Amino acid sequence: MLFVVGMEWFKTKEIDGKRFVFDPIRKKYCVLTPEEEVRQKTLHYLVDQLDVPSGLLAVEHPIKLNKLSKRCDIVVFSTKGKAAMIVECKAAHIPLSQKTFDQALRYNFSLQVNYLLLTNGKELVCFKIDTQNNCFELLEKIPNYHIINS
């Protein structure tokens, strides 16, 4: 399993029978859906394991795609302010698929990042994107921020 931390590590509260989790990036409480749980665990993984500075993360980052408004689950930015990685999160019960990859690729038309990271909390798949040659490579290891930022 990818994530070893349980939700007890997160700041949560209950309002009217609904559970909320505090998102330290957006600095607000969000409804704790299955996808939100994966997103929060992924944010901690990015910061704690891959050394991504929390100030260079965006959650539900808005983009325009063929005049449609979309949101990337997580975007990692370089120290120069350029988007470097798109992270697409799915709930744990949703398998990662070609559809998930295609969704992240569509978002990349707008952002032109070098890395795509897909996760459902059980699986974690990372691709290096070569936009000049219009190809990608499945990575065996998730790169840390120093590599993503280069």
# chains A, B, ... in the order shown; residues from 1 in each chain; ligands from 1
>>> residues_around(residues="range 124-128 of chain A", least_positions_apart="2", cutoff="10 Å", atoms="only C-alpha atoms", output="JSON, numbers by chain")
{"A": [1, 2, 3, 42, 85, 86, 87, 89, 96, 101, 113, 114, 115, 116, 117, 118, 119, 120, 121, 122, 130, 131, 135, 136, 137, 138, 139, 140, 141, 142, 143, 148]}
>>> write_last_selection(atoms="N, CA and C atoms", output="short mmCIF file (atom, residue, chain, number, x, y, z; two decimals), in the first residue's frame")
data_model
loop_
_atom_site.label_atom_id
_atom_site.label_comp_id
_atom_site.auth_asym_id
_atom_site.auth_seq_id
_atom_site.Cartn_x
_atom_site.Cartn_y
_atom_site.Cartn_z
N MET A 1 0.84 -1.18 0.00
CA MET A 1 0.00 0.00 0.00
C MET A 1 0.88 1.24 0.00
N LEU A 2 0.46 2.24 -0.71
CA LEU A 2 1.26 3.45 -0.86
C LEU A 2 1.35 4.25 0.42
N PHE A 3 0.23 4.52 1.06
CA PHE A 3 0.21 5.43 2.19
C PHE A 3 0.10 4.66 3.50
N THR A 42 -1.98 12.17 -0.39
CA THR A 42 -1.01 12.43 -1.45
C THR A 42 -0.26 13.73 -1.18
N MET A 85 4.37 19.26 -12.42
CA MET A 85 3.74 17.95 -12.29
C MET A 85 2.25 18.11 -12.06
N ILE A 86 1.47 17.28 -12.73
CA ILE A 86 0.04 17.18 -12.47
C ILE A 86 -0.18 15.89 -11.70
N VAL A 87 -0.96 15.97 -10.62
CA VAL A 87 -1.30 14.79 -9.83
C VAL A 87 -2.80 14.59 -9.94
N CYS A 89 -5.89 12.39 -8.62
CA CYS A 89 -6.28 11.50 -7.53
C CYS A 89 -7.66 10.91 -7.80
N LEU A 96 -6.93 2.72 -11.28
CA LEU A 96 -6.26 3.58 -12.26
C LEU A 96 -6.38 2.90 -13.61
N PHE A 101 -5.34 8.18 -17.09
CA PHE A 101 -4.16 8.70 -17.79
C PHE A 101 -4.59 9.73 -18.84
N VAL A 113 3.36 20.12 -18.42
CA VAL A 113 4.28 19.68 -17.37
C VAL A 113 5.17 18.56 -17.88
N ASN A 114 6.19 18.24 -17.10
CA ASN A 114 7.10 17.15 -17.45
C ASN A 114 6.75 15.83 -16.77
N TYR A 115 5.85 15.89 -15.76
CA TYR A 115 5.51 14.68 -15.02
C TYR A 115 4.01 14.60 -14.76
N LEU A 116 3.48 13.38 -14.86
CA LEU A 116 2.10 13.08 -14.48
C LEU A 116 2.16 12.01 -13.40
N LEU A 117 1.43 12.23 -12.32
CA LEU A 117 1.36 11.28 -11.23
C LEU A 117 -0.10 10.90 -11.03
N LEU A 118 -0.40 9.62 -11.07
CA LEU A 118 -1.76 9.12 -10.92
C LEU A 118 -1.81 8.26 -9.66
N THR A 119 -2.85 8.44 -8.84
CA THR A 119 -2.97 7.62 -7.63
C THR A 119 -4.42 7.44 -7.22
N ASN A 120 -4.66 6.29 -6.61
CA ASN A 120 -5.94 6.04 -5.94
C ASN A 120 -5.68 5.67 -4.47
N GLY A 121 -4.48 5.97 -4.01
CA GLY A 121 -4.11 5.67 -2.63
C GLY A 121 -3.56 4.28 -2.45
N LYS A 122 -3.85 3.39 -3.38
CA LYS A 122 -3.31 2.03 -3.35
C LYS A 122 -2.20 1.88 -4.37
N ASP A 130 7.60 13.82 -22.48
CA ASP A 130 8.48 14.51 -23.42
C ASP A 130 7.57 15.23 -24.42
N THR A 131 7.28 16.51 -24.14
CA THR A 131 6.34 17.25 -24.98
C THR A 131 6.91 17.55 -26.36
N CYS A 135 5.87 12.02 -26.50
CA CYS A 135 5.91 10.65 -25.97
C CYS A 135 6.03 10.71 -24.45
N PHE A 136 5.95 9.56 -23.81
CA PHE A 136 6.04 9.49 -22.36
C PHE A 136 6.74 8.21 -21.96
N GLU A 137 7.23 8.21 -20.72
CA GLU A 137 7.92 7.05 -20.17
C GLU A 137 7.35 6.75 -18.79
N LEU A 138 6.99 5.50 -18.55
CA LEU A 138 6.54 5.05 -17.24
C LEU A 138 7.78 4.93 -16.35
N LEU A 139 7.77 5.63 -15.23
CA LEU A 139 8.92 5.61 -14.33
C LEU A 139 8.79 4.50 -13.29
N GLU A 140 9.91 3.89 -12.94
CA GLU A 140 9.91 2.85 -11.92
C GLU A 140 9.87 3.45 -10.52
N LYS A 141 10.34 4.69 -10.40
CA LYS A 141 10.42 5.35 -9.10
C LYS A 141 9.85 6.76 -9.24
N ILE A 142 9.16 7.22 -8.21
CA ILE A 142 8.63 8.58 -8.21
C ILE A 142 9.78 9.53 -7.92
N PRO A 143 10.03 10.51 -8.80
CA PRO A 143 11.16 11.41 -8.57
C PRO A 143 10.88 12.38 -7.41
N ILE A 148 12.12 16.84 -10.11
CA ILE A 148 10.95 17.46 -10.74
C ILE A 148 11.21 18.92 -11.06
#
>>> residues_around(residues="His61 in chain A", least_positions_apart="3", cutoff="10 Å", atoms="only C-alpha atoms", output="CSV table (one decimal) with C-alpha atoms, in the first residue's frame")
chain,number,residue,atom,x,y,z
A,57,LEU,CA,1.5,23.1,-4.4
A,58,ALA,CA,-1.9,24.0,-5.7
A,70,LYS,CA,-11.5,22.2,-15.4
A,71,ARG,CA,-9.6,21.6,-12.1
A,72,CYS,CA,-6.4,19.6,-11.6
A,73,ASP,CA,-6.4,17.7,-8.3
A,74,ILE,CA,-2.9,18.8,-7.4
A,75,VAL,CA,-0.3,20.8,-9.4
A,76,VAL,CA,3.4,20.9,-8.3
A,86,ILE,CA,0.0,17.2,-12.5
>>> select_by_dssp(residues="chain A", states="strand (DSSP E or B)", output="number ranges by chain")
A: 12-15, 18-23, 28-31, 57-65, 68-77, 83-89, 115-119, 124-130, 135-138
>>> closest_residue(among="A:Arg39, A:Lys13, A:Lys64, A:His44", to="Glu88 in chain A", atoms="only C-alpha atoms")
A:Arg39
>>> select_by_dssp(residues="range 22-147 of chain A", states="alpha helix (DSSP H)", output="VMD selection string")
chain A and resid 34 to 48 98 to 111 145 to 147
>>> write_last_selection(atoms="N, CA and C atoms", output="mmCIF file, in the first residue's frame")
data_model
loop_
_atom_site.group_PDB
_atom_site.id
_atom_site.type_symbol
_atom_site.label_atom_id
_atom_site.label_comp_id
_atom_site.auth_asym_id
_atom_site.auth_seq_id
_atom_site.Cartn_x
_atom_site.Cartn_y
_atom_site.Cartn_z
ATOM 1 N N PRO A 34 -14.133 10.051 -0.247
ATOM 2 C CA PRO A 34 -13.053 9.091 -0.509
ATOM 3 C C PRO A 34 -11.926 9.685 -1.367
ATOM 4 N N GLU A 35 -12.270 10.511 -2.361
ATOM 5 C CA GLU A 35 -11.229 11.137 -3.186
ATOM 6 C C GLU A 35 -10.442 12.165 -2.389
ATOM 7 N N GLU A 36 -11.124 12.906 -1.533
ATOM 8 C CA GLU A 36 -10.428 13.912 -0.713
ATOM 9 C C GLU A 36 -9.442 13.255 0.233
ATOM 10 N N GLU A 37 -9.797 12.090 0.763
ATOM 11 C CA GLU A 37 -8.867 11.361 1.631
ATOM 12 C C GLU A 37 -7.591 11.008 0.872
ATOM 13 N N VAL A 38 -7.733 10.529 -0.356
ATOM 14 C CA VAL A 38 -6.559 10.208 -1.176
ATOM 15 C C VAL A 38 -5.770 11.478 -1.477
ATOM 16 N N ARG A 39 -6.470 12.570 -1.792
ATOM 17 C CA ARG A 39 -5.787 13.838 -2.106
ATOM 18 C C ARG A 39 -4.972 14.313 -0.900
ATOM 19 N N GLN A 40 -5.564 14.263 0.300
ATOM 20 C CA GLN A 40 -4.847 14.726 1.492
ATOM 21 C C GLN A 40 -3.638 13.843 1.798
ATOM 22 N N LYS A 41 -3.787 12.552 1.673
ATOM 23 C CA LYS A 41 -2.653 11.648 1.889
ATOM 24 C C LYS A 41 -1.566 11.879 0.847
ATOM 25 N N THR A 42 -1.981 12.166 -0.388
ATOM 26 C CA THR A 42 -1.012 12.434 -1.453
ATOM 27 C C THR A 42 -0.260 13.729 -1.185
ATOM 28 N N LEU A 43 -0.953 14.749 -0.707
ATOM 29 C CA LEU A 43 -0.285 16.007 -0.362
ATOM 30 C C LEU A 43 0.791 15.766 0.695
ATOM 31 N N HIS A 44 0.462 14.979 1.723
ATOM 32 C CA HIS A 44 1.453 14.667 2.758
ATOM 33 C C HIS A 44 2.613 13.862 2.174
ATOM 34 N N TYR A 45 2.319 12.949 1.295
ATOM 35 C CA TYR A 45 3.372 12.160 0.633
ATOM 36 C C TYR A 45 4.305 13.073 -0.169
ATOM 37 N N LEU A 46 3.735 13.997 -0.919
ATOM 38 C CA LEU A 46 4.543 14.915 -1.729
ATOM 39 C C LEU A 46 5.475 15.754 -0.853
ATOM 40 N N VAL A 47 4.940 16.272 0.237
ATOM 41 C CA VAL A 47 5.732 17.131 1.119
ATOM 42 C C VAL A 47 6.718 16.320 1.952
ATOM 43 N N ASP A 48 6.242 15.248 2.576
ATOM 44 C CA ASP A 48 7.070 14.495 3.523
ATOM 45 C C ASP A 48 8.063 13.539 2.861
ATOM 46 N N GLN A 98 -6.633 3.636 -18.257
ATOM 47 C CA GLN A 98 -6.305 4.474 -19.408
ATOM 48 C C GLN A 98 -7.108 5.773 -19.350
ATOM 49 N N LYS A 99 -8.329 5.680 -18.866
ATOM 50 C CA LYS A 99 -9.195 6.865 -18.740
ATOM 51 C C LYS A 99 -8.572 7.891 -17.778
ATOM 52 N N THR A 100 -7.998 7.414 -16.686
ATOM 53 C CA THR A 100 -7.327 8.290 -15.729
ATOM 54 C C THR A 100 -6.130 8.962 -16.379
ATOM 55 N N PHE A 101 -5.336 8.180 -17.089
ATOM 56 C CA PHE A 101 -4.162 8.704 -17.789
ATOM 57 C C PHE A 101 -4.589 9.728 -18.836
ATOM 58 N N ASP A 102 -5.620 9.418 -19.601
ATOM 59 C CA ASP A 102 -6.101 10.339 -20.642
ATOM 60 C C ASP A 102 -6.572 11.653 -20.038
ATOM 61 N N GLN A 103 -7.226 11.589 -18.883
ATOM 62 C CA GLN A 103 -7.687 12.805 -18.212
ATOM 63 C C GLN A 103 -6.484 13.691 -17.860
ATOM 64 N N ALA A 104 -5.459 13.104 -17.275
ATOM 65 C CA ALA A 104 -4.259 13.869 -16.914
ATOM 66 C C ALA A 104 -3.569 14.419 -18.159
ATOM 67 N N LEU A 105 -3.532 13.629 -19.221
ATOM 68 C CA LEU A 105 -2.932 14.111 -20.479
ATOM 69 C C LEU A 105 -3.700 15.303 -21.040
ATOM 70 N N ARG A 106 -5.029 15.261 -20.960
ATOM 71 C CA ARG A 106 -5.835 16.402 -21.429
ATOM 72 C C ARG A 106 -5.497 17.654 -20.624
ATOM 73 N N TYR A 107 -5.382 17.502 -19.328
ATOM 74 C CA TYR A 107 -5.018 18.645 -18.491
ATOM 75 C C TYR A 107 -3.639 19.180 -18.882
ATOM 76 N N ASN A 108 -2.788 18.283 -19.331
ATOM 77 C CA ASN A 108 -1.441 18.694 -19.697
ATOM 78 C C ASN A 108 -1.400 19.532 -20.974
ATOM 79 N N PHE A 109 -2.439 19.470 -21.789
ATOM 80 C CA PHE A 109 -2.492 20.359 -22.958
ATOM 81 C C PHE A 109 -2.408 21.810 -22.495
ATOM 82 N N SER A 110 -2.990 22.087 -21.355
ATOM 83 C CA SER A 110 -3.000 23.437 -20.817
ATOM 84 C C SER A 110 -1.711 23.779 -20.061
ATOM 85 N N LEU A 111 -1.200 22.842 -19.269
ATOM 86 C CA LEU A 111 -0.084 23.160 -18.379
ATOM 87 C C LEU A 111 1.300 22.805 -18.914
ATOM 88 N N TYR A 145 11.448 16.113 -5.400
ATOM 89 C CA TYR A 145 11.229 17.463 -5.918
ATOM 90 C C TYR A 145 12.465 18.018 -6.627
ATOM 91 N N HIS A 146 13.652 17.677 -6.179
ATOM 92 C CA HIS A 146 14.851 18.213 -6.810
ATOM 93 C C HIS A 146 14.944 17.798 -8.275
ATOM 94 N N ILE A 147 14.461 16.612 -8.598
ATOM 95 C CA ILE A 147 14.447 16.150 -9.989
ATOM 96 C C ILE A 147 13.282 16.798 -10.741
#
>>> atom_distance(atom1="CA of Tyr29 in chain A", atom2="CA of Glu123 in chain A")
25.8 Å
>>> atom_distance(atom1="CA of Leu56 in chain A", atom2="CA of Phe77 in chain A")
5.1 Å
>>> atom_distance(atom1="CA of Glu60 in chain A", atom2="CA of Asn133 in chain A")
28.4 Å
